[in-house]
Amino acid sequence: MPLAEWPVGDGSLGLLEGFSSTIRADGSQPMRYAVRNDCTLETAMLLAFDAAYQARPDSARMATNLIGYIFSQSGLAGGPRADPKEASFGLLGWALDSPGSYWATTMRGPCWD
């Protein structure tokens with residue numbers, strides 16, 4: 001569990017997925033340390049809405065940093081996904097611990113480059 005005194009990030013290094021759905025006997029849940037594009041970009045969208053609706057510049061800055069991280073720094077938008085000649089052009093890798101996979105919209109399971 002993150003401690004209250006830990007610094008709040010600015011999104012420039014992405015964000016962690018969160019907690020596992022596993023619930024231990026004591027009620028605690030293990031942390032997930034994956035950096036996933038879906039979790040990161042959904043959070044960026046929420047922060048962008050917050051920035052627009054509530055006029056919060058810090059939320060806009062964090063949203064921009066999260067989007068920049070996924071598309072420019074994480075590598076999830078690079079490699080064959082950045083090459084118009086490749087079948088995976090324009091797709092994003094699913095997670096840093098599994099960058100060569102993505103989930104098909106048909107939900108049939110993982111696909112690999």
# chains A, B, ... in the order shown; residues from 1 in each chain; ligands from 1

$ select_by_dssp --residues "chain A" --states "strand (DSSP E or B)" --output "PyMOL selection string"
chain A and resi 12+14+18-19+31-32+36+95+98+101-103+110-112

$ select_by_dssp --residues "region 34-89 of chain A" --states "helix (DSSP H, G or I)" --output "PyMOL selection string"
chain A and resi 37-54+57-73+79-82

$ write_last_selection --atoms "N, CA, C and O atoms" --output "short mmCIF file (atom, residue, chain, number, x, y, z; two decimals), in the first residue's frame"
data_model
loop_
_atom_site.label_atom_id
_atom_site.label_comp_id
_atom_site.auth_asym_id
_atom_site.auth_seq_id
_atom_site.Cartn_x
_atom_site.Cartn_y
_atom_site.Cartn_z
N ASN A 37 -0.94 0.36 -21.14
CA ASN A 37 -1.40 1.53 -21.90
C ASN A 37 -2.86 1.84 -21.62
O ASN A 37 -3.24 3.00 -21.55
N ASP A 38 -3.71 0.84 -21.45
CA ASP A 38 -5.13 1.12 -21.23
C ASP A 38 -5.36 1.84 -19.91
O ASP A 38 -6.08 2.84 -19.85
N CYS A 39 -4.71 1.39 -18.85
CA CYS A 39 -4.86 2.04 -17.55
C CYS A 39 -4.32 3.47 -17.59
O CYS A 39 -4.94 4.40 -17.07
N THR A 40 -3.16 3.63 -18.22
CA THR A 40 -2.53 4.94 -18.29
C THR A 40 -3.37 5.92 -19.10
O THR A 40 -3.61 7.06 -18.68
N LEU A 41 -3.84 5.50 -20.26
CA LEU A 41 -4.60 6.41 -21.11
C LEU A 41 -6.01 6.67 -20.60
O LEU A 41 -6.55 7.76 -20.78
N GLU A 42 -6.62 5.71 -19.91
CA GLU A 42 -7.92 5.97 -19.27
C GLU A 42 -7.77 7.01 -18.17
O GLU A 42 -8.62 7.88 -18.00
N THR A 43 -6.69 6.92 -17.42
CA THR A 43 -6.43 7.91 -16.38
C THR A 43 -6.16 9.28 -16.99
O THR A 43 -6.64 10.30 -16.49
N ALA A 44 -5.40 9.30 -18.10
CA ALA A 44 -5.14 10.56 -18.79
C ALA A 44 -6.45 11.20 -19.25
O ALA A 44 -6.63 12.42 -19.15
N MET A 45 -7.37 10.38 -19.77
CA MET A 45 -8.66 10.90 -20.22
C MET A 45 -9.44 11.51 -19.05
O MET A 45 -9.99 12.61 -19.16
N LEU A 46 -9.46 10.82 -17.93
CA LEU A 46 -10.15 11.34 -16.75
C LEU A 46 -9.54 12.66 -16.30
O LEU A 46 -10.26 13.62 -15.99
N LEU A 47 -8.21 12.72 -16.27
CA LEU A 47 -7.54 13.96 -15.88
C LEU A 47 -7.81 15.10 -16.86
O LEU A 47 -7.97 16.25 -16.48
N ALA A 48 -7.87 14.76 -18.16
CA ALA A 48 -8.17 15.78 -19.17
C ALA A 48 -9.60 16.31 -18.99
O ALA A 48 -9.83 17.53 -19.10
N PHE A 49 -10.54 15.42 -18.71
CA PHE A 49 -11.91 15.87 -18.44
C PHE A 49 -11.93 16.77 -17.20
O PHE A 49 -12.61 17.79 -17.18
N ASP A 50 -11.22 16.36 -16.16
CA ASP A 50 -11.15 17.16 -14.94
C ASP A 50 -10.56 18.54 -15.23
O ASP A 50 -11.07 19.55 -14.75
N ALA A 51 -9.51 18.57 -16.04
CA ALA A 51 -8.88 19.84 -16.39
C ALA A 51 -9.84 20.75 -17.14
O ALA A 51 -9.92 21.95 -16.86
N ALA A 52 -10.59 20.18 -18.08
CA ALA A 52 -11.51 20.97 -18.89
C ALA A 52 -12.74 21.41 -18.09
O ALA A 52 -13.16 22.56 -18.17
N TYR A 53 -13.29 20.50 -17.32
CA TYR A 53 -14.54 20.77 -16.62
C TYR A 53 -14.35 21.58 -15.35
O TYR A 53 -15.16 22.44 -15.03
N GLN A 54 -13.26 21.31 -14.63
CA GLN A 54 -13.03 21.99 -13.36
C GLN A 54 -11.93 23.05 -13.45
O GLN A 54 -11.57 23.63 -12.43
N PRO A 57 -5.34 23.20 -14.00
CA PRO A 57 -4.16 23.07 -14.85
C PRO A 57 -3.24 21.91 -14.46
O PRO A 57 -2.58 21.33 -15.32
N ASP A 58 -3.19 21.55 -13.18
CA ASP A 58 -2.35 20.42 -12.77
C ASP A 58 -2.86 19.11 -13.39
O ASP A 58 -2.07 18.25 -13.78
N SER A 59 -4.17 18.96 -13.50
CA SER A 59 -4.74 17.77 -14.14
C SER A 59 -4.39 17.74 -15.62
O SER A 59 -4.07 16.68 -16.17
N ALA A 60 -4.42 18.90 -16.28
CA ALA A 60 -4.06 18.97 -17.70
C ALA A 60 -2.60 18.59 -17.89
O ALA A 60 -2.25 17.86 -18.83
N ARG A 61 -1.74 19.06 -17.02
CA ARG A 61 -0.31 18.76 -17.12
C ARG A 61 -0.06 17.27 -16.93
O ARG A 61 0.71 16.64 -17.66
N MET A 62 -0.72 16.66 -15.94
CA MET A 62 -0.55 15.22 -15.71
C MET A 62 -1.10 14.41 -16.89
O MET A 62 -0.49 13.43 -17.31
N ALA A 63 -2.25 14.80 -17.44
CA ALA A 63 -2.81 14.10 -18.59
C ALA A 63 -1.85 14.17 -19.77
O ALA A 63 -1.59 13.15 -20.44
N THR A 64 -1.30 15.34 -20.02
CA THR A 64 -0.34 15.51 -21.12
C THR A 64 0.89 14.65 -20.90
O THR A 64 1.40 14.00 -21.83
N ASN A 65 1.38 14.61 -19.66
CA ASN A 65 2.57 13.79 -19.36
C ASN A 65 2.29 12.30 -19.55
O ASN A 65 3.14 11.57 -20.06
N LEU A 66 1.12 11.84 -19.13
CA LEU A 66 0.79 10.43 -19.29
C LEU A 66 0.69 10.04 -20.77
O LEU A 66 1.21 9.00 -21.18
N ILE A 67 0.05 10.87 -21.56
CA ILE A 67 -0.08 10.59 -22.99
C ILE A 67 1.31 10.62 -23.65
O ILE A 67 1.64 9.73 -24.44
N GLY A 68 2.11 11.61 -23.30
CA GLY A 68 3.47 11.69 -23.84
C GLY A 68 4.30 10.48 -23.46
O GLY A 68 5.07 9.96 -24.27
N TYR A 69 4.13 10.00 -22.25
CA TYR A 69 4.87 8.82 -21.81
C TYR A 69 4.53 7.61 -22.68
O TYR A 69 5.42 6.92 -23.17
N ILE A 70 3.25 7.34 -22.87
CA ILE A 70 2.85 6.16 -23.64
C ILE A 70 3.30 6.26 -25.10
O ILE A 70 3.86 5.33 -25.66
N PHE A 71 3.09 7.41 -25.73
CA PHE A 71 3.36 7.53 -27.15
C PHE A 71 4.81 7.86 -27.49
O PHE A 71 5.25 7.57 -28.61
N SER A 72 5.56 8.44 -26.56
CA SER A 72 6.92 8.88 -26.89
C SER A 72 8.03 8.19 -26.11
O SER A 72 9.14 8.09 -26.60
N GLN A 73 7.76 7.76 -24.88
CA GLN A 73 8.84 7.27 -24.03
C GLN A 73 8.75 5.79 -23.69
O GLN A 73 9.77 5.14 -23.49
N GLY A 79 8.60 0.59 -32.60
CA GLY A 79 8.88 -0.66 -33.31
C GLY A 79 7.97 -0.82 -34.51
O GLY A 79 7.71 0.15 -35.23
N PRO A 80 7.42 -2.02 -34.72
CA PRO A 80 6.56 -2.24 -35.88
C PRO A 80 5.28 -1.41 -35.85
O PRO A 80 4.70 -1.12 -36.89
N ARG A 81 4.88 -0.97 -34.69
CA ARG A 81 3.66 -0.16 -34.57
C ARG A 81 3.84 1.24 -35.15
O ARG A 81 2.87 1.94 -35.39
N ALA A 82 5.09 1.65 -35.34
CA ALA A 82 5.39 2.96 -35.91
C ALA A 82 5.72 2.88 -37.40
O ALA A 82 5.99 3.89 -38.02
#

$ atom_distance --atom1 "CA of Leu15 (chain A)" --atom2 "CA of Ser28 (chain A)"
20.6 Å

$ atom_distance --atom1 "CA of Gly75 (chain A)" --atom2 "CA of Ser21 (chain A)"
27.2 Å

$ atom_distance --atom1 "CA of Gly14 (chain A)" --atom2 "CA of Gly78 (chain A)"
15.9 Å
